[in-house]
file upload_11.csv (CSV, C-alpha atoms and all ligand atoms)
chain,number,residue,atom,x,y,z
S,7,MET,CA,-18.5,-1.0,13.5
S,8,LEU,CA,-18.9,0.6,10.1
S,9,ARG,CA,-22.3,1.7,11.1
S,10,CYS,CA,-21.0,3.2,14.3
S,11,SER,CA,-18.2,5.2,12.7
S,12,ILE,CA,-20.4,6.6,10.0
S,13,LEU,CA,-23.0,7.6,12.5
S,14,LEU,CA,-20.3,9.5,14.3
S,15,ALA,CA,-19.5,11.5,11.2
S,16,VAL,CA,-20.1,15.2,11.0
S,17,SER,CA,-22.8,16.3,13.3
S,18,GLY,CA,-26.2,16.6,11.7
S,19,ILE,CA,-25.3,14.1,9.1
S,20,PHE,CA,-27.2,10.8,9.0
S,21,LEU,CA,-26.3,7.9,6.7
S,22,ALA,CA,-28.2,5.2,8.6
S,23,ASP,CA,-30.8,4.9,5.9
S,24,ALA,CA,-28.2,4.4,3.2
S,25,LEU,CA,-26.4,1.8,5.3
S,26,ALA,CA,-29.6,-0.1,6.1
S,27,ALA,CA,-30.6,-0.1,2.5
S,28,GLN,CA,-27.1,-1.3,1.4
S,29,GLU,CA,-27.2,-4.1,3.9
S,30,LYS,CA,-30.5,-5.3,2.3
S,31,GLY,CA,-28.8,-5.1,-1.1
S,32,ASP,CA,-31.1,-2.3,-2.0
S,33,ALA,CA,-29.0,0.8,-1.9
S,34,MET,CA,-30.6,4.2,-2.0
S,35,LYS,CA,-30.7,6.1,-5.3
S,36,TYR,CA,-28.8,9.3,-5.7
S,37,VAL,CA,-28.4,11.8,-8.5
S,38,ILE,CA,-25.1,13.4,-7.7
S,39,ALA,CA,-22.2,12.7,-5.5
S,40,ILE,CA,-19.2,14.9,-4.7
S,41,HIS,CA,-15.8,14.5,-3.2
S,42,GLY,CA,-13.4,17.2,-2.0
S,43,GLY,CA,-10.3,15.1,-1.6
S,44,ALA,CA,-9.2,12.2,0.7
S,45,GLY,CA,-6.3,12.3,3.1
S,46,THR,CA,-5.4,12.6,6.7
S,47,ILE,CA,-8.3,14.5,8.1
S,48,GLU,CA,-8.4,14.1,11.8
S,49,ARG,CA,-11.4,15.2,13.8
S,50,ALA,CA,-9.1,16.3,16.7
S,51,GLU,CA,-7.2,18.7,14.4
S,52,MET,CA,-10.2,20.3,12.7
S,53,THR,CA,-11.7,23.4,14.3
S,54,PRO,CA,-15.5,23.5,14.2
S,55,ALA,CA,-15.3,26.6,12.0
S,56,ASN,CA,-13.0,24.8,9.5
S,57,GLU,CA,-15.2,21.7,9.5
S,58,GLU,CA,-18.3,23.8,8.9
S,59,ALA,CA,-16.6,25.7,6.1
S,60,HIS,CA,-15.7,22.5,4.3
S,61,ARG,CA,-19.2,21.1,4.8
S,62,ALA,CA,-20.7,24.2,3.4
S,63,GLY,CA,-18.5,24.0,0.3
S,64,ILE,CA,-19.5,20.4,-0.4
S,65,GLU,CA,-23.2,21.3,0.2
S,66,LYS,CA,-23.0,24.2,-2.2
S,67,ALA,CA,-21.5,22.0,-4.9
S,68,LEU,CA,-24.2,19.4,-4.3
S,69,GLN,CA,-27.0,21.9,-4.4
S,70,THR,CA,-25.6,23.5,-7.6
S,71,GLY,CA,-25.5,20.1,-9.3
S,72,TYR,CA,-28.9,19.1,-8.0
S,73,ASP,CA,-30.6,22.3,-9.2
S,74,ILE,CA,-29.5,21.6,-12.7
S,75,LEU,CA,-30.5,17.9,-12.6
S,76,LYS,CA,-33.9,18.8,-11.1
S,77,LYS,CA,-34.7,21.1,-14.0
S,78,GLY,CA,-33.9,18.3,-16.5
S,79,GLY,CA,-30.4,19.4,-17.2
S,80,THR,CA,-27.6,17.0,-18.2
S,81,SER,CA,-25.3,15.2,-15.9
S,82,LEU,CA,-22.4,16.9,-17.7
S,83,ASP,CA,-23.7,20.3,-16.9
S,84,ALA,CA,-24.3,19.3,-13.3
S,85,VAL,CA,-20.8,17.8,-12.9
S,86,GLU,CA,-19.1,20.9,-14.5
S,87,ALA,CA,-21.1,23.4,-12.4
S,88,ALA,CA,-20.6,21.5,-9.2
S,89,ILE,CA,-16.9,21.3,-9.7
S,90,ARG,CA,-16.6,25.0,-10.6
S,91,THR,CA,-18.0,25.9,-7.2
S,92,LEU,CA,-15.2,23.9,-5.6
S,93,GLU,CA,-12.6,25.3,-7.9
S,94,ASP,CA,-13.6,28.8,-6.8
S,95,ASN,CA,-13.5,27.8,-3.1
S,96,PRO,CA,-10.0,28.3,-1.7
S,97,LEU,CA,-10.5,25.5,0.9
S,98,PHE,CA,-10.2,22.8,-1.8
S,99,ASN,CA,-7.2,21.8,-3.8
S,100,ALA,CA,-8.5,22.8,-7.3
S,101,GLY,CA,-8.6,26.2,-9.0
S,102,LYS,CA,-8.2,28.8,-6.3
S,103,GLY,CA,-6.4,27.1,-3.3
S,104,ALA,CA,-4.5,24.7,-5.5
S,105,VAL,CA,-1.3,23.3,-4.0
S,106,PHE,CA,2.2,24.5,-5.0
S,107,THR,CA,4.9,22.7,-7.1
S,108,HIS,CA,8.4,22.5,-5.7
S,109,GLU,CA,9.1,25.7,-7.6
S,110,GLY,CA,6.3,27.5,-5.9
S,111,THR,CA,4.0,27.6,-9.0
S,112,ASN,CA,0.5,26.2,-9.5
S,113,GLU,CA,-0.2,23.6,-12.2
S,114,LEU,CA,-3.7,22.4,-12.6
S,115,ASP,CA,-5.2,19.2,-14.1
S,116,ALA,CA,-8.9,18.4,-14.8
S,117,SER,CA,-11.0,16.0,-16.8
S,118,ILE,CA,-14.6,15.2,-17.7
S,119,MET,CA,-16.3,12.3,-19.3
S,120,ASP,CA,-19.8,11.7,-20.8
S,121,GLY,CA,-21.1,8.2,-20.0
S,122,LYS,CA,-23.5,8.3,-23.0
S,123,SER,CA,-21.1,9.0,-25.9
S,124,LEU,CA,-17.9,7.9,-24.1
S,125,LYS,CA,-16.5,11.3,-25.2
S,126,ALA,CA,-13.9,12.8,-22.8
S,127,GLY,CA,-11.9,15.9,-22.4
S,128,ALA,CA,-8.9,16.8,-20.2
S,129,VAL,CA,-6.3,19.4,-19.5
S,130,ALA,CA,-3.0,19.0,-17.7
S,131,GLY,CA,-0.5,21.4,-16.3
S,132,VAL,CA,-2.4,24.6,-17.0
S,133,GLU,CA,-1.2,27.6,-15.0
S,134,HIS,CA,-3.6,30.5,-15.8
S,135,ILE,CA,-7.0,28.9,-16.3
S,136,LYS,CA,-9.6,29.9,-13.6
S,137,ASN,CA,-11.8,26.9,-14.1
S,138,PRO,CA,-9.9,23.9,-15.6
S,139,ILE,CA,-13.0,21.7,-15.6
S,140,SER,CA,-14.7,24.0,-18.1
S,141,LEU,CA,-11.6,24.0,-20.4
S,142,ALA,CA,-11.6,20.1,-20.1
S,143,ARG,CA,-15.2,20.1,-21.3
S,144,LEU,CA,-14.4,22.4,-24.2
S,145,VAL,CA,-11.5,20.1,-25.2
S,146,MET,CA,-14.1,17.3,-25.4
S,147,GLU,CA,-16.7,19.4,-27.3
S,148,LYS,CA,-14.7,21.7,-29.4
S,149,SER,CA,-11.5,19.8,-30.4
S,150,PRO,CA,-10.9,16.4,-31.9
S,151,HIS,CA,-8.6,15.6,-28.9
S,152,VAL,CA,-9.0,14.2,-25.4
S,153,LEU,CA,-6.1,15.6,-23.5
S,154,LEU,CA,-4.3,19.0,-24.0
S,155,ALA,CA,-1.3,19.9,-21.8
S,156,GLY,CA,0.5,23.1,-20.8
S,157,ALA,CA,1.0,25.9,-23.3
S,158,GLY,CA,-1.1,24.1,-25.9
S,159,ALA,CA,-4.0,23.8,-23.6
S,160,GLU,CA,-3.8,27.5,-22.7
S,161,ALA,CA,-3.6,28.5,-26.4
S,162,PHE,CA,-6.7,26.4,-27.0
S,163,GLY,CA,-8.3,28.1,-23.9
S,164,LYS,CA,-7.6,31.5,-25.6
S,165,LYS,CA,-9.3,30.3,-28.8
S,166,VAL,CA,-12.4,29.1,-27.0
S,167,GLY,CA,-12.6,32.1,-24.7
S,168,VAL,CA,-12.2,30.7,-21.1
S,169,THR,CA,-11.3,33.0,-18.2
S,170,PHE,CA,-7.6,33.5,-17.6
S,171,VAL,CA,-6.1,34.6,-14.3
S,172,ASP,CA,-2.6,35.4,-13.0
S,173,GLN,CA,-0.7,32.8,-11.0
S,174,LYS,CA,-1.2,34.9,-7.9
S,175,TYR,CA,-5.0,34.2,-8.1
S,176,PHE,CA,-4.4,30.6,-7.0
S,177,TYR,CA,-2.3,31.7,-3.9
S,178,THR,CA,-3.5,30.8,-0.4
S,179,ASP,CA,-1.4,31.1,2.8
S,180,GLU,CA,-2.4,27.6,3.8
S,181,ARG,CA,-1.0,26.0,0.7
S,182,TRP,CA,2.1,28.1,0.7
S,183,GLU,CA,2.8,27.1,4.3
S,184,ALA,CA,2.2,23.5,3.4
S,185,LEU,CA,4.9,23.7,0.7
S,186,GLN,CA,7.4,25.2,3.2
S,187,LYS,CA,6.6,22.5,5.7
S,188,VAL,CA,7.0,19.7,3.1
S,189,LYS,CA,10.3,21.2,2.0
S,190,ALA,CA,11.5,21.5,5.5
S,191,GLY,CA,10.6,17.9,6.1
S,192,GLY,CA,12.9,16.9,3.2
S,193,GLY,CA,10.0,16.3,0.9
S,194,SER,CA,8.0,14.0,3.2
S,195,ALA,CA,4.9,15.1,5.0
S,196,ALA,CA,1.6,13.8,6.2
S,197,ASP,CA,-0.7,13.5,3.3
S,198,LYS,CA,-2.9,16.3,4.7
S,199,GLU,CA,-0.2,18.6,3.5
S,200,LYS,CA,-0.1,17.1,0.1
S,201,HIS,CA,-3.6,15.9,-1.0
S,202,GLY,CA,-6.8,17.3,-2.2
S,203,THR,CA,-8.7,17.2,-5.5
S,204,VAL,CA,-12.4,17.7,-6.1
S,205,GLY,CA,-14.7,15.5,-8.2
S,206,ALA,CA,-18.3,14.8,-9.1
S,207,VAL,CA,-20.4,12.0,-10.6
S,208,ALA,CA,-24.0,12.5,-11.6
S,209,LEU,CA,-27.0,10.7,-13.2
S,210,ASP,CA,-29.5,12.8,-15.0
S,211,GLN,CA,-33.3,12.3,-15.8
S,212,HIS,CA,-32.4,11.0,-19.2
S,213,GLY,CA,-30.4,8.2,-17.6
S,214,ASN,CA,-27.0,9.6,-18.6
S,215,LEU,CA,-24.0,9.4,-16.3
S,216,ALA,CA,-21.1,11.8,-16.2
S,217,ALA,CA,-17.9,12.2,-14.1
S,218,GLY,CA,-15.4,15.0,-13.6
S,219,THR,CA,-12.3,15.7,-11.5
S,220,SER,CA,-10.2,18.8,-11.0
S,221,THR,CA,-7.0,19.2,-8.9
S,222,GLY,CA,-3.9,21.2,-8.2
S,223,GLY,CA,-2.1,17.9,-7.8
S,224,ILE,CA,0.2,17.2,-4.8
S,225,THR,CA,2.3,19.7,-2.8
S,226,ASN,CA,5.9,19.9,-3.8
S,227,LYS,CA,5.4,18.0,-7.0
S,228,GLU,CA,8.1,18.4,-9.7
S,229,PHE,CA,7.0,21.0,-12.3
S,230,GLY,CA,5.5,19.1,-15.3
S,231,ARG,CA,4.3,16.2,-13.1
S,232,ILE,CA,0.8,15.0,-14.1
S,233,GLY,CA,-1.3,12.9,-11.8
S,234,ASP,CA,-4.3,10.7,-12.3
S,235,SER,CA,-7.0,13.4,-12.3
S,236,PRO,CA,-6.7,14.3,-16.1
S,237,ILE,CA,-6.1,10.7,-17.1
S,238,ILE,CA,-9.2,9.1,-18.5
S,239,GLY,CA,-9.5,5.7,-17.0
S,240,ALA,CA,-7.3,6.5,-14.0
S,241,GLY,CA,-8.8,9.5,-12.2
S,242,THR,CA,-12.1,9.8,-14.1
S,243,TYR,CA,-14.3,7.5,-16.1
S,244,ALA,CA,-18.0,7.3,-17.1
S,245,ASN,CA,-20.0,4.8,-19.1
S,246,ASN,CA,-23.8,4.6,-19.0
S,247,ARG,CA,-23.5,0.8,-19.1
S,248,THR,CA,-21.6,0.6,-15.8
S,249,CYS,CA,-20.8,3.6,-13.7
S,250,ALA,CA,-19.3,7.1,-13.3
S,251,VAL,CA,-16.1,7.4,-11.2
S,252,SER,CA,-14.0,10.3,-9.8
S,253,CYS,CA,-10.8,9.6,-7.8
S,254,THR,CA,-8.6,11.3,-5.3
S,255,GLY,CA,-5.4,10.2,-3.7
S,256,ASP,CA,-1.8,9.4,-4.7
S,257,GLY,CA,-2.0,9.9,-8.4
S,258,GLU,CA,1.0,7.8,-9.3
S,259,TYR,CA,-0.8,4.7,-7.7
S,260,PHE,CA,-4.1,5.6,-9.2
S,261,ILE,CA,-2.5,5.7,-12.7
S,262,ARG,CA,-0.8,2.4,-12.2
S,263,ALA,CA,-3.9,0.7,-10.9
S,264,VAL,CA,-6.1,2.4,-13.7
S,265,VAL,CA,-8.6,2.9,-10.9
S,266,ALA,CA,-11.6,4.5,-12.5
S,267,HIS,CA,-11.8,2.2,-15.4
S,268,ASP,CA,-11.1,-0.8,-13.2
S,269,VAL,CA,-14.3,-0.1,-11.2
S,270,SER,CA,-16.2,0.0,-14.4
S,271,ALA,CA,-14.6,-3.2,-15.7
S,272,LEU,CA,-15.5,-5.1,-12.5
S,273,ILE,CA,-19.1,-4.1,-13.0
S,274,ALA,CA,-19.1,-4.9,-16.8
S,275,TYR,CA,-17.1,-8.2,-16.7
S,276,LYS,CA,-17.9,-9.6,-13.2
S,277,GLN,CA,-21.3,-8.0,-12.7
S,278,LEU,CA,-20.2,-6.7,-9.3
S,279,PRO,CA,-22.4,-4.2,-7.5
S,280,VAL,CA,-20.8,-0.8,-7.5
S,281,GLN,CA,-20.0,-0.9,-3.8
S,282,LYS,CA,-18.1,-4.1,-4.1
S,283,ALA,CA,-16.3,-3.1,-7.3
S,284,ALA,CA,-15.2,0.2,-5.8
S,285,GLU,CA,-14.0,-1.4,-2.5
S,286,GLU,CA,-12.1,-4.0,-4.4
S,287,VAL,CA,-10.2,-1.4,-6.5
S,288,ILE,CA,-9.4,0.8,-3.4
S,289,ALA,CA,-8.0,-2.4,-1.8
S,290,LYS,CA,-5.8,-2.9,-4.8
S,291,VAL,CA,-4.5,0.7,-4.5
S,292,GLY,CA,-3.8,0.0,-0.8
S,293,LYS,CA,-1.8,-3.2,-1.6
S,294,LEU,CA,0.4,-1.2,-4.0
S,295,GLY,CA,1.0,1.2,-1.1
S,296,GLY,CA,-1.2,4.1,-2.3
S,297,THR,CA,-3.7,6.1,-0.3
S,298,GLY,CA,-6.9,7.8,-1.4
S,299,GLY,CA,-10.5,7.1,-2.3
S,300,LEU,CA,-13.1,7.5,-5.0
S,301,ILE,CA,-16.8,8.2,-5.6
S,302,ALA,CA,-18.7,5.9,-8.0
S,303,MET,CA,-22.3,6.0,-9.1
S,304,ASP,CA,-23.9,3.2,-11.2
S,305,HIS,CA,-26.5,3.6,-13.9
S,306,ASN,CA,-29.3,3.0,-11.3
S,307,GLY,CA,-28.0,5.8,-9.0
S,308,HIS,CA,-26.4,3.6,-6.4
S,309,VAL,CA,-23.3,5.3,-4.9
S,310,ALA,CA,-20.1,3.9,-3.4
S,311,MET,CA,-17.5,6.2,-1.7
S,312,PRO,CA,-14.7,4.0,-0.3
S,313,PHE,CA,-11.4,5.4,0.9
S,314,ASN,CA,-8.4,4.1,2.8
S,315,THR,CA,-7.4,7.4,4.5
S,316,SER,CA,-8.7,8.7,7.8
S,317,GLY,CA,-11.2,11.0,5.9
S,318,MET,CA,-12.6,12.1,2.6
S,319,TYR,CA,-14.8,15.1,2.1
S,320,ARG,CA,-17.8,13.7,0.4
S,321,GLY,CA,-21.5,14.1,0.0
S,322,THR,CA,-24.6,13.0,-2.0
S,323,VAL,CA,-28.0,14.2,-3.0
S,324,ASP,CA,-30.8,11.8,-3.6
S,325,ALA,CA,-33.6,12.3,-6.1
S,326,ASP,CA,-35.7,14.2,-3.5
S,327,GLY,CA,-33.0,16.7,-2.9
S,328,LYS,CA,-31.8,15.3,0.4
S,329,ILE,CA,-28.2,16.3,1.0
S,330,THR,CA,-25.9,14.2,3.1
S,331,VAL,CA,-22.3,15.3,3.8
S,332,ALA,CA,-19.6,13.4,5.7
S,333,ILE,CA,-15.9,13.9,6.3
S,334,TYR,CA,-14.4,11.2,8.6
S,335,ARG,CA,-14.2,7.5,8.4
A,1,LIG,N1,-5.0,12.6,-7.3
A,1,LIG,C1,-4.4,13.9,-7.2
A,1,LIG,C2,-3.1,13.9,-7.9
A,1,LIG,O1,-2.3,12.9,-7.8
A,1,LIG,C3,-4.1,14.4,-5.8
A,1,LIG,C4,-5.2,14.1,-4.8
A,1,LIG,O2,-6.3,13.6,-5.1
A,1,LIG,O3,-5.0,14.3,-3.6
A,1,LIG,O4,-2.8,14.8,-8.6
call {"tool": "encode", "arguments": {"input": "upload_11.csv", "output": "structure tokens"}}
result
Amino acid sequence: MLRCSILLAVSGIFLADALAAQEKGDAMKYVIAIHGGAGTIERAEMTPANEEAHRAGIEKALQTGYDILKKGGTSLDAVEAAIRTLEDNPLFNAGKGAVFTHEGTNELDASIMDGKSLKAGAVAGVEHIKNPISLARLVMEKSPHVLLAGAGAEAFGKKVGVTFVDQKYFYTDERWEALQKVKAGGGSAADKEKHGTVGAVALDQHGNLAAGTSTGGITNKEFGRIGDSPIIGAGTYANNRTCAVSCTGDGEYFIRAVVAHDVSALIAYKQLPVQKAAEEVIAKVGKLGGTGGLIAMDHNGHVAMPFNTSGMYRGTVDADGKITVAIYR
């Protein structure tokens, strides 16, 4: 059943090798994996052009990360560069194309973690930073802190010289219309109108893991609301001893289930394979009533990408540069 549905994924995409390997308990090895958000993504509602555009966005992010890793670059560089391409792509809910708050503003969250040093950096509620993932990295590398929020994060951004943009830079018709729809529905809407987020996990030639996540959050959120994405241990986690994880979904549930660290803990304490650990944690989120998914890569380059929604934009590159992208369940 699982095999059938995955084989039916986006045309031209073929995951059979990975599945066969996993069934033998010998999963394929990857160097970078990406997600572009989980939610209600119905094949019937996707135009071929829209599907192709999302696929191309994921492929570009994967290729960008792979090119860095292939040259011997670090997993941190690969994760940051891959996420920047998705932040610059208006189709994804991060950077340009971020969703709107109830007030019609954009507030962005991002985080990054280095699996070697266990250092991490994050920003929350920034409103004028073109690439929040890069500011998160600078918080990690150029401040004694892990998480900076709002005006303080932006003041730090000025000091370290990141690119600032007007709020109107983030505007897209699609996200604006989604906000109007959610408001008209009294605040409730299908999660396709609310969700998004982008993330990456990578393993470099030095054996180091890194993870990063960037988001506009959820449509119609209260201003000041912060989701799981900038919370180390909830939306993002990396540890060379276990795995690197980036999450997407209902942030409130992912915070309460401490999802990203829980995957790592199951590997550390119960010696679960990454696939089992990741599935177990997404099942916990589901039991709480939350929807979403995650990507996780262990220190051997095995990847798990479970989700409990109808789709999750996702993709992998193996050590030979073979790119695989999928969207639907
Ligand atoms: N996790 C993100 C948040 O709650 C949203 C998403 O991934 O869809 O801010």
call {"tool": "closest_residue", "arguments": {"input": "upload_11.csv", "among": "S:Asp83, S:Asp210, S:Glu228, S:Glu51", "to": "S:Gly131", "atoms": "all atoms listed in the file"}}
result
S:Glu228
call {"tool": "closest_residue", "arguments": {"input": "upload_11.csv", "among": "S:Arg262, S:Arg90, S:Lys102, S:Lys122", "to": "S:Arg181", "atoms": "all atoms listed in the file"}}
result
S:Lys102
call {"tool": "residues_near_ligand", "arguments": {"input": "upload_11.csv", "ligand": "ligand LIG 1 (chain A)", "cutoff": "6 Å", "atoms": "only C-alpha atoms and all ligand atoms", "output": "number ranges by chain"}}
result
S: 43, 201-203, 223-224, 233-235, 254-257
call {"tool": "residues_around", "arguments": {"input": "upload_11.csv", "residues": "S:Ala100", "least_positions_apart": "5", "cutoff": "6 Å", "atoms": "all atoms listed in the file", "output": "PyMOL selection string"}}
result
chain S and resi 93+203+220-222
call {"tool": "closest_atom_pairs", "arguments": {"input": "upload_11.csv", "of": "stretch 119-238 of chain S", "to": "stretch 110-115 of chain S", "cutoff": "10 Å", "atoms": "all atoms listed in the file", "output": "Markdown table"}}
result
| residue | atom | partner | partner_atom | distance |
| --- | --- | --- | --- | --- |
| S:Ala128 | CA | S:Asp115 | CA | 7.5 |
| S:Val129 | CA | S:Asp115 | CA | 5.5 |
| S:Ala130 | CA | S:Asp115 | CA | 4.2 |
| S:Gly131 | CA | S:Glu113 | CA | 4.7 |
| S:Val132 | CA | S:Leu114 | CA | 5.1 |
| S:Glu133 | CA | S:Glu113 | CA | 5.0 |
| S:His134 | CA | S:Glu113 | CA | 8.5 |
| S:Ile135 | CA | S:Leu114 | CA | 8.2 |
| S:Lys136 | CA | S:Leu114 | CA | 9.6 |
| S:Asn137 | CA | S:Leu114 | CA | 9.4 |
| S:Pro138 | CA | S:Asp115 | CA | 6.8 |
| S:Ile139 | CA | S:Asp115 | CA | 8.3 |
| S:Ala142 | CA | S:Asp115 | CA | 8.8 |
| S:Leu154 | CA | S:Asp115 | CA | 9.9 |
| S:Ala155 | CA | S:Asp115 | CA | 8.7 |
| S:Gly156 | CA | S:Glu113 | CA | 8.6 |
| S:Gln173 | CA | S:Asn112 | CA | 6.9 |
| S:Lys174 | CA | S:Asn112 | CA | 9.0 |
| S:Tyr175 | CA | S:Asn112 | CA | 9.8 |
| S:Phe176 | CA | S:Asn112 | CA | 7.0 |
| S:Tyr177 | CA | S:Asn112 | CA | 8.3 |
| S:Arg181 | CA | S:Gly110 | CA | 10.0 |
| S:Trp182 | CA | S:Gly110 | CA | 7.8 |
| S:Leu185 | CA | S:Gly110 | CA | 7.7 |
| S:Gln186 | CA | S:Gly110 | CA | 9.5 |
| S:Thr203 | CA | S:Asp115 | CA | 9.5 |
| S:Thr219 | CA | S:Asp115 | CA | 8.3 |
| S:Ser220 | CA | S:Asp115 | CA | 5.9 |
| S:Thr221 | CA | S:Asp115 | CA | 5.5 |
| S:Gly222 | CA | S:Leu114 | CA | 4.6 |
| S:Gly223 | CA | S:Leu114 | CA | 6.8 |
| S:Ile224 | CA | S:Glu113 | CA | 9.8 |
| S:Thr225 | CA | S:Gly110 | CA | 9.3 |
| S:Asn226 | CA | S:Gly110 | CA | 7.9 |
| S:Lys227 | CA | S:Glu113 | CA | 9.5 |
| S:Phe229 | CA | S:Glu113 | CA | 7.7 |
| S:Gly230 | CA | S:Glu113 | CA | 7.9 |
| S:Arg231 | CA | S:Glu113 | CA | 8.7 |
| S:Ile232 | CA | S:Asp115 | CA | 7.3 |
| S:Gly233 | CA | S:Asp115 | CA | 7.8 |
| S:Asp234 | CA | S:Asp115 | CA | 8.7 |
| S:Ser235 | CA | S:Asp115 | CA | 6.3 |
| S:Pro236 | CA | S:Asp115 | CA | 5.5 |
| S:Ile237 | CA | S:Asp115 | CA | 9.1 |
call {"tool": "write_last_selection", "arguments": {"input": "upload_11.csv", "atoms": "C-alpha atoms", "output": "short mmCIF file (atom, residue, chain, number, x, y, z; two decimals), keeping the file's coordinate frame"}}
result
data_model
loop_
_atom_site.label_atom_id
_atom_site.label_comp_id
_atom_site.auth_asym_id
_atom_site.auth_seq_id
_atom_site.Cartn_x
_atom_site.Cartn_y
_atom_site.Cartn_z
CA ALA S 128 -8.90 16.80 -20.20
CA VAL S 129 -6.30 19.40 -19.50
CA ALA S 130 -3.00 19.00 -17.70
CA GLY S 131 -0.50 21.40 -16.30
CA VAL S 132 -2.40 24.60 -17.00
CA GLU S 133 -1.20 27.60 -15.00
CA HIS S 134 -3.60 30.50 -15.80
CA ILE S 135 -7.00 28.90 -16.30
CA LYS S 136 -9.60 29.90 -13.60
CA ASN S 137 -11.80 26.90 -14.10
CA PRO S 138 -9.90 23.90 -15.60
CA ILE S 139 -13.00 21.70 -15.60
CA ALA S 142 -11.60 20.10 -20.10
CA LEU S 154 -4.30 19.00 -24.00
CA ALA S 155 -1.30 19.90 -21.80
CA GLY S 156 0.50 23.10 -20.80
CA GLN S 173 -0.70 32.80 -11.00
CA LYS S 174 -1.20 34.90 -7.90
CA TYR S 175 -5.00 34.20 -8.10
CA PHE S 176 -4.40 30.60 -7.00
CA TYR S 177 -2.30 31.70 -3.90
CA ARG S 181 -1.00 26.00 0.70
CA TRP S 182 2.10 28.10 0.70
CA LEU S 185 4.90 23.70 0.70
CA GLN S 186 7.40 25.20 3.20
CA THR S 203 -8.70 17.20 -5.50
CA THR S 219 -12.30 15.70 -11.50
CA SER S 220 -10.20 18.80 -11.00
CA THR S 221 -7.00 19.20 -8.90
CA GLY S 222 -3.90 21.20 -8.20
CA GLY S 223 -2.10 17.90 -7.80
CA ILE S 224 0.20 17.20 -4.80
CA THR S 225 2.30 19.70 -2.80
CA ASN S 226 5.90 19.90 -3.80
CA LYS S 227 5.40 18.00 -7.00
CA PHE S 229 7.00 21.00 -12.30
CA GLY S 230 5.50 19.10 -15.30
CA ARG S 231 4.30 16.20 -13.10
CA ILE S 232 0.80 15.00 -14.10
CA GLY S 233 -1.30 12.90 -11.80
CA ASP S 234 -4.30 10.70 -12.30
CA SER S 235 -7.00 13.40 -12.30
CA PRO S 236 -6.70 14.30 -16.10
CA ILE S 237 -6.10 10.70 -17.10
#
call {"tool": "atom_distance", "arguments": {"input": "upload_11.csv", "atom1": "atom CA of S:Val280", "atom2": "atom CA of S:Val265"}}
result
13.2 Å
call {"tool": "atom_distance", "arguments": {"input": "upload_11.csv", "atom1": "atom CA of S:Ile47", "atom2": "atom CA of S:Tyr319"}}
result
8.9 Å
call {"tool": "closest_residue", "arguments": {"input": "upload_11.csv", "among": "S:His41, S:Lys276, S:His151, S:Lys187", "to": "S:Leu68", "atoms": "all atoms listed in the file"}}
result
S:His41
call {"tool": "atom_distance", "arguments": {"input": "upload_11.csv", "atom1": "atom CA of S:Lys148", "atom2": "atom CA of S:Leu124"}}
result
15.1 Å
call {"tool": "closest_atom_pairs", "arguments": {"input": "upload_11.csv", "of": "stretch 141-250 of chain S", "to": "stretch 297-318 of chain S", "cutoff": "7 Å", "atoms": "all atoms listed in the file", "output": "JSON lines"}}
result
{"residue": "S:Val207", "atom": "CA", "partner": "S:Met303", "partner_atom": "CA", "distance": 6.5}
{"residue": "S:Leu209", "atom": "CA", "partner": "S:Gly307", "partner_atom": "CA", "distance": 6.5}
{"residue": "S:Leu215", "atom": "CA", "partner": "S:His305", "partner_atom": "CA", "distance": 6.8}
{"residue": "S:Asn246", "atom": "CA", "partner": "S:His305", "partner_atom": "CA", "distance": 5.9}
{"residue": "S:Arg247", "atom": "CA", "partner": "S:His305", "partner_atom": "CA", "distance": 6.6}
{"residue": "S:Thr248", "atom": "CA", "partner": "S:Asp304", "partner_atom": "CA", "distance": 5.8}
{"residue": "S:Cys249", "atom": "CA", "partner": "S:Asp304", "partner_atom": "CA", "distance": 4.0}
{"residue": "S:Ala250", "atom": "CA", "partner": "S:Met303", "partner_atom": "CA", "distance": 5.3}
call {"tool": "residues_around", "arguments": {"input": "upload_11.csv", "residues": "S:Val37", "least_positions_apart": "6", "cutoff": "8 Å", "atoms": "all atoms listed in the file", "output": "PyMOL selection string"}}
result
chain S and resi 72+75+208-210+307+322-325
call {"tool": "residues_around", "arguments": {"input": "upload_11.csv", "residues": "S:Gly63", "least_positions_apart": "6", "cutoff": "8 Å", "atoms": "all atoms listed in the file", "output": "list in words"}}
result
Thr91, Leu92 and Asn95 of chain S
call {"tool": "build_atoms", "arguments": {"input": "upload_11.csv", "residues": "stretch 209-214 of chain S", "atoms": "N, CA and C atoms", "output": "PDB file, in the coordinates of the input"}}
result
ATOM      1  N   LEU S 209     -26.074  11.464 -12.334  1.00  0.00           N
ATOM      2  CA  LEU S 209     -27.000  10.700 -13.200  1.00  0.00           C
ATOM      3  C   LEU S 209     -28.189  11.632 -13.474  1.00  0.00           C
ATOM      4  N   ASP S 210     -28.461  11.915 -14.747  1.00  0.00           N
ATOM      5  CA  ASP S 210     -29.500  12.800 -15.000  1.00  0.00           C
ATOM      6  C   ASP S 210     -30.860  12.121 -15.356  1.00  0.00           C
ATOM      7  N   GLN S 211     -31.916  12.910 -15.568  1.00  0.00           N
ATOM      8  CA  GLN S 211     -33.300  12.300 -15.800  1.00  0.00           C
ATOM      9  C   GLN S 211     -33.357  11.554 -17.096  1.00  0.00           C
ATOM     10  N   HIS S 212     -32.375  11.777 -17.979  1.00  0.00           N
ATOM     11  CA  HIS S 212     -32.400  11.000 -19.200  1.00  0.00           C
ATOM     12  C   HIS S 212     -31.625   9.708 -19.093  1.00  0.00           C
ATOM     13  N   GLY S 213     -31.118   9.438 -17.885  1.00  0.00           N
ATOM     14  CA  GLY S 213     -30.400   8.200 -17.600  1.00  0.00           C
ATOM     15  C   GLY S 213     -28.940   8.217 -17.996  1.00  0.00           C
ATOM     16  N   ASN S 214     -28.414   9.438 -18.187  1.00  0.00           N
ATOM     17  CA  ASN S 214     -27.000   9.600 -18.600  1.00  0.00           C
ATOM     18  C   ASN S 214     -26.107   9.883 -17.393  1.00  0.00           C
TER      19      ASN S 214
END
